[in-house]
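First the structure, in the form of structure tokens, and then the observations on it.
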Amino acid sequence: MKIAAQPNVFRFTPLILGAILALLLIFLALPSETFSVWRYLGFAIVIIGVGYVFFSKNAPFAVLASIVFAGLFEGPLKYLGDSRNESIFAYLGRDLLLYALILALLLGLIAGRGERRTSIKPPLLGIFILFGLNLFIQFFNPAANSPLASFINARLFWEMIPLYFIGYYFLRSVKVWRALLITIAIVAALNGGVAVYQSYIGPRAVASWGPGYYRQIYKIRETVTTESGEETFRPLALGSDGGFSGAVGVAAIPMILALLNRRKQQETTLAKLPNSFYGVFLYILAIGAALGIYASGSRSALIIGLLTLAVTLVLLAPNVSKVRIILNIGILSVLFVVAFQLVSVVAPSLGFRYDSIKSPENLVETFNSENRLAQVTIFPIDLAQRYPLGAGLDNLGVGAALAAQIAGTYVRPQPENSENNLNLSLLALGIPGTLLWLFMHLTFLVSGWRALKKVDNQELRTYMLSGFILMSLMTVYWPFGSFIVFPQNLLFWLLPGMMLGTAASLQDQPQSDADP
């Protein structure tokens with residue numbers, strides 16, 4: 001396989017990130033009727049980005065632009081207006097950025113171009129072939145309305161698979177890892193700020209932003225009235241789903257801690273500014289991500305976030321400076337207390353949903369009352385017995401209506417609640433596909449850990465460890481969540497490829513703590 005040399009995507013990183021932050025602040029300050037500016041910016045990112053990616057074959061830019069689009073623009077593009085074309089554009093925007101890169105690389109391969117050549121086949125290729133074969137068979141599941149609708153709607157499972165190979169071949173250096181971690185941290189912090197803002201102004205004000213927001217808040221979802229008579233809701237932030245800031249915030253926790261606690265002070269495009277500024281910048285991102293988890297109103301995100309924080313600190317401790325990690329814990333603790341106190345004054349309704357988990361007794365009662373135990377015991381067994389080979393792919397997920405429209409069929413009602421990843425995979429893939437997907441996940445973990453042990457570069461290993469922690473904690477999403485939504489769907493495939501590719505690139509090279 002030929003690998004084209006990758007352009008430097010990091011030269012203008014501070015300018016790009018600063019511009020995004022400035023635009024977001026302007027967006028929040030504008031009256032609602034001018035919110036279309038944010039919508040047009042989303043269009044521009046995709047259109048310009050696709051052209052740039054196609055002609056430059058810049059893999060890091062394509063991946064980072066997809067993350068920025070999905071994390072900051074996809075939701076507003078869907079909900080600020082009421083245009084089906086805009087919704088489709090938002091639905092496919094991140095895919096356009098990724099598949100423009102894939103098309104350019106394939107054309108380059110066919111044309112025989114490229115500056116470097118490698119004969120190394122990506123590891124775990126066999127299991128990907130088996131997973132793809134299982135998906136292909138499911139397209140023709142007799143329970144589904146049509147193979148075409150199943151194929152279109154199955155993008156939940158296959159759209160991000162190329163990220164494994166892109167990560168393996170092109171995203172291998174310290175700079176790329178650092179850029180990925182910083183980008184996700186910024187997306188999490190911005191969503192956290194917007195989630196707090198939406199909680200402060202309330203559901204009616206957010207619903208006035210656009211017809212899509214009104215439909216999501218008052219027709220698809222529901223608001224809750226507190227004992228004091230205040231109307232509350234789970235804010236969408238800049239995403240498509242209620243509680244979006246929580247999912248992104250959980251993903252950002254190990255990444256921000258890795259950035260704060262790398263042993264050596266390597267220079268980055270942002271750290272060329274004084275180190276004190278870089279540290280403050282990361283503290284702000286950490287606060288934003290934490291507030292995003294809290295403001296999401298998601299109890300599972302809060303619990304998984306706390307678990308992620310604990311596991312990250314424990315696993316990072318042996319690999320980084322003890323003085324630095326203790327200092328960072330102290331500083332972050334003080335900042336978190338101050339920030340949460342301020343938020344509780346500005347938006348007191350934020351803590352309403354967490355009353356049910358304030359004590360172990362309340363947690364157990366809530367767990368039982370919402371059939372959480374049944375979701376991971378009785379329901380999966382029942383689904384496996386009723387649909388051993390799957391219940392069809394055409395009616396699962398938010399894209400079912402679009403898939404049915406394109407295929408010229410109707411949307412079948414979902415046979416059961418597919419709230420967690422285990423139940424969803426049983427419905428979509430059947431018992432064989434679920435076991436294969438779970439085996440793939442466990443294989444990613446084992447292979448990722450082996451790759452991590454091969455890396456001596458201290459900073460690089462710290463960044464990779466944060467990725468491994470996130471991959472490990474995704475096992476919690478099997479019974480209690482889903483990683484077919486952003487950012488878990490993207491990171492599930494990208495991180496293993498990056499870890500294996502990074503280790504492969506360093507096997508025959510002398511390693512040091514220098515930035516490669």
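Convention: chains lettered A, B, ... in structure tokens order; per-chain residue numbering from 1; ligands numbered from 1 as shown.
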Could you pull out all residues of range 307-461 of chain A with a DSSP call of helix (DSSP H, G or I) and give them as an mmCIF file with C-alpha atoms, in the first residue's frame?
data_model
loop_
_atom_site.group_PDB
_atom_site.id
_atom_site.type_symbol
_atom_site.label_atom_id
_atom_site.label_comp_id
_atom_site.auth_asym_id
_atom_site.auth_seq_id
_atom_site.Cartn_x
_atom_site.Cartn_y
_atom_site.Cartn_z
ATOM 1 C CA LEU A 307 -15.221 6.271 37.244
ATOM 2 C CA THR A 308 -13.157 7.491 34.291
ATOM 3 C CA LEU A 309 -11.529 10.167 36.430
ATOM 4 C CA ALA A 310 -10.559 7.657 39.136
ATOM 5 C CA VAL A 311 -9.213 5.057 36.710
ATOM 6 C CA THR A 312 -7.243 7.669 34.754
ATOM 7 C CA LEU A 313 -5.551 9.048 37.863
ATOM 8 C CA VAL A 314 -4.647 5.559 39.077
ATOM 9 C CA LEU A 315 -3.179 4.453 35.741
ATOM 10 C CA LEU A 316 -1.407 7.731 35.046
ATOM 11 C CA ALA A 317 0.237 7.916 38.480
ATOM 12 C CA PRO A 318 3.074 5.406 37.809
ATOM 13 C CA ASN A 319 3.897 6.989 34.443
ATOM 14 C CA LYS A 322 4.063 12.581 41.101
ATOM 15 C CA VAL A 323 4.527 16.252 41.992
ATOM 16 C CA ARG A 324 2.755 17.365 38.849
ATOM 17 C CA ILE A 325 -0.202 15.023 39.206
ATOM 18 C CA ILE A 326 -0.726 15.995 42.861
ATOM 19 C CA LEU A 327 -0.464 19.683 41.968
ATOM 20 C CA ASN A 328 -2.941 19.295 39.114
ATOM 21 C CA ILE A 329 -5.400 17.407 41.319
ATOM 22 C CA GLY A 330 -5.250 20.201 43.894
ATOM 23 C CA ILE A 331 -5.677 23.005 41.371
ATOM 24 C CA LEU A 332 -8.493 21.251 39.509
ATOM 25 C CA SER A 333 -10.311 20.428 42.761
ATOM 26 C CA VAL A 334 -10.350 24.082 43.805
ATOM 27 C CA LEU A 335 -11.414 25.240 40.343
ATOM 28 C CA PHE A 336 -14.166 22.623 40.141
ATOM 29 C CA VAL A 337 -15.607 23.606 43.517
ATOM 30 C CA VAL A 338 -15.657 27.291 42.592
ATOM 31 C CA ALA A 339 -17.110 26.634 39.126
ATOM 32 C CA PHE A 340 -19.853 24.319 40.390
ATOM 33 C CA GLN A 341 -20.818 26.771 43.120
ATOM 34 C CA LEU A 342 -21.157 29.551 40.555
ATOM 35 C CA VAL A 343 -23.183 27.338 38.222
ATOM 36 C CA SER A 344 -25.484 26.223 41.035
ATOM 37 C CA VAL A 345 -26.317 29.891 41.613
ATOM 38 C CA VAL A 346 -26.761 30.743 37.930
ATOM 39 C CA PRO A 348 -29.960 25.941 40.195
ATOM 40 C CA SER A 349 -32.149 23.466 38.276
ATOM 41 C CA LEU A 350 -29.077 21.624 36.982
ATOM 42 C CA GLY A 351 -28.899 19.380 40.043
ATOM 43 C CA PHE A 352 -32.549 18.350 39.827
ATOM 44 C CA ARG A 353 -31.927 15.056 37.995
ATOM 45 C CA TYR A 354 -29.196 14.004 40.421
ATOM 46 C CA ASP A 355 -31.413 13.950 43.503
ATOM 47 C CA SER A 356 -32.149 10.294 42.737
ATOM 48 C CA ILE A 357 -28.485 9.258 43.063
ATOM 49 C CA PRO A 360 -26.368 4.627 47.722
ATOM 50 C CA GLU A 361 -29.959 3.858 48.750
ATOM 51 C CA ASN A 362 -31.356 6.327 46.215
ATOM 52 C CA LEU A 363 -29.021 4.968 43.543
ATOM 53 C CA VAL A 364 -30.181 1.385 44.089
ATOM 54 C CA GLU A 365 -33.830 2.484 44.153
ATOM 55 C CA THR A 366 -33.450 4.401 40.888
ATOM 56 C CA PHE A 367 -31.569 1.513 39.301
ATOM 57 C CA ASN A 368 -34.375 -0.876 40.160
ATOM 58 C CA SER A 369 -37.262 1.466 39.344
ATOM 59 C CA ARG A 372 -31.736 -1.096 34.602
ATOM 60 C CA LEU A 373 -31.038 -4.619 35.865
ATOM 61 C CA ALA A 374 -33.596 -6.059 33.468
ATOM 62 C CA GLN A 375 -31.961 -4.119 30.628
ATOM 63 C CA VAL A 376 -28.759 -6.140 31.072
ATOM 64 C CA ILE A 378 -33.848 -10.294 31.154
ATOM 65 C CA PHE A 379 -34.070 -8.170 28.006
ATOM 66 C CA PRO A 380 -30.886 -9.467 26.276
ATOM 67 C CA ILE A 381 -31.829 -13.085 26.973
ATOM 68 C CA ASP A 382 -35.330 -12.485 25.618
ATOM 69 C CA LEU A 383 -34.004 -10.718 22.506
ATOM 70 C CA ALA A 384 -31.478 -13.494 21.856
ATOM 71 C CA GLN A 385 -34.251 -16.087 22.022
ATOM 72 C CA ARG A 386 -36.684 -14.152 19.822
ATOM 73 C CA ALA A 400 -34.376 5.019 9.903
ATOM 74 C CA ALA A 401 -36.782 7.598 8.409
ATOM 75 C CA LEU A 402 -34.189 8.867 5.913
ATOM 76 C CA ALA A 403 -33.230 5.304 4.940
ATOM 77 C CA ALA A 404 -36.866 4.391 4.370
ATOM 78 C CA GLN A 405 -37.465 7.510 2.283
ATOM 79 C CA ILE A 406 -34.490 6.823 0.013
ATOM 80 C CA ALA A 407 -35.398 3.146 -0.322
ATOM 81 C CA ASN A 421 -25.291 -1.310 23.160
ATOM 82 C CA LEU A 422 -25.916 -4.960 24.068
ATOM 83 C CA ASN A 423 -29.617 -4.881 23.171
ATOM 84 C CA LEU A 424 -29.015 -2.799 20.061
ATOM 85 C CA SER A 425 -26.373 -5.202 18.746
ATOM 86 C CA LEU A 426 -28.616 -8.217 19.386
ATOM 87 C CA LEU A 427 -31.427 -6.579 17.412
ATOM 88 C CA ALA A 428 -29.164 -5.412 14.607
ATOM 89 C CA LEU A 429 -26.581 -8.182 14.294
ATOM 90 C CA GLY A 430 -28.059 -11.182 16.053
ATOM 91 C CA ILE A 431 -26.135 -13.474 18.395
ATOM 92 C CA PRO A 432 -23.227 -14.187 15.980
ATOM 93 C CA GLY A 433 -22.694 -10.514 15.172
ATOM 94 C CA THR A 434 -22.929 -9.452 18.814
ATOM 95 C CA LEU A 435 -20.358 -12.035 19.896
ATOM 96 C CA LEU A 436 -18.090 -11.011 17.024
ATOM 97 C CA TRP A 437 -18.389 -7.309 17.882
ATOM 98 C CA LEU A 438 -17.688 -7.985 21.556
ATOM 99 C CA PHE A 439 -14.711 -10.162 20.606
ATOM 100 C CA MET A 440 -13.443 -7.347 18.383
ATOM 101 C CA HIS A 441 -13.697 -4.901 21.288
ATOM 102 C CA LEU A 442 -11.743 -7.211 23.591
ATOM 103 C CA THR A 443 -9.171 -7.791 20.840
ATOM 104 C CA PHE A 444 -8.745 -4.031 20.495
ATOM 105 C CA LEU A 445 -8.010 -3.820 24.220
ATOM 106 C CA VAL A 446 -5.455 -6.633 24.233
ATOM 107 C CA SER A 447 -3.730 -5.386 21.068
ATOM 108 C CA GLY A 448 -3.793 -1.804 22.309
ATOM 109 C CA TRP A 449 -2.167 -2.751 25.604
ATOM 110 C CA ARG A 450 0.572 -4.680 23.784
ATOM 111 C CA ALA A 451 1.155 -1.693 21.510
ATOM 112 C CA LEU A 452 1.329 0.620 24.509
ATOM 113 C CA LYS A 453 3.998 -1.535 26.181
ATOM 114 C CA GLN A 458 7.165 9.150 27.653
ATOM 115 C CA GLU A 459 4.851 11.806 26.252
ATOM 116 C CA LEU A 460 3.579 9.540 23.496
ATOM 117 C CA ARG A 461 2.941 6.714 25.945
#
Near Thr223 in chain A, counting only C-alpha atoms, which residues have an atom at most 8 Å away, once you skip same-chain residues fewer than 6 positions from it, shown as a list in words?
Pro203, Ile217, Glu231, Thr232, Phe233 and Arg234 of chain A
Excluding Leu506 in chain A and its own-chain neighbours fewer than 6 positions away, which residues fall within 10 Å of it when counting only C-alpha atoms? Please give them as a short mmCIF file (atom, residue, chain, number, x, y, z; two decimals) with C-alpha atoms, in the first residue's frame.
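Output (around32.cif):
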data_model
loop_
_atom_site.label_atom_id
_atom_site.label_comp_id
_atom_site.auth_asym_id
_atom_site.auth_seq_id
_atom_site.Cartn_x
_atom_site.Cartn_y
_atom_site.Cartn_z
CA ARG A 172 1.05 7.94 14.32
CA SER A 173 3.10 10.85 15.67
CA LYS A 454 6.21 -1.23 23.09
CA VAL A 455 6.40 2.58 23.26
CA ASP A 456 9.23 4.16 25.28
CA ASN A 457 8.57 7.78 24.40
CA PRO A 516 9.32 12.56 16.80
#
Could you work out how far CA of Tyr79 in chain A lies from CA of Gly51 in chain A, giving the answer in Å with one decimal?
25.6 Å
Rounded to one decimal in Å, what is the spacing between CA of Ser146 in chain A and CA of Ala100 in chain A?
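Taking CA of Ser146 in chain A and CA of Ala100 in chain A, their separation equals 27.7 Å.
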Using only C-alpha atoms, can you tell me which of A:Asn489, A:Asn141, A:Asn420, A:Gln216 comes closest to Ala70 in chain A?
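Checking each candidate against Ala70 in chain A, we get A:Asn489 as the closest.
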Please identify all polymer residues within 7 Å of Leu285 in chain A, counting only C-alpha atoms, omitting same-chain residues fewer than 4 positions from it, and present them as an MDAnalysis selection string.
chainID A and resid 185:186 189 281 289
Got time to write the residues from that selection, C-alpha atoms, as an mmCIF file, in the first residue's frame?
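Okay, this is what ended up in result_27.cif:
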data_model
loop_
_atom_site.group_PDB
_atom_site.id
_atom_site.type_symbol
_atom_site.label_atom_id
_atom_site.label_comp_id
_atom_site.auth_asym_id
_atom_site.auth_seq_id
_atom_site.Cartn_x
_atom_site.Cartn_y
_atom_site.Cartn_z
ATOM 1 C CA ALA A 185 -11.040 18.628 24.829
ATOM 2 C CA ILE A 186 -11.999 21.900 23.126
ATOM 3 C CA ALA A 189 -15.427 22.391 26.841
ATOM 4 C CA PHE A 281 -5.815 26.808 28.874
ATOM 5 C CA ALA A 289 -15.728 19.308 30.144
#
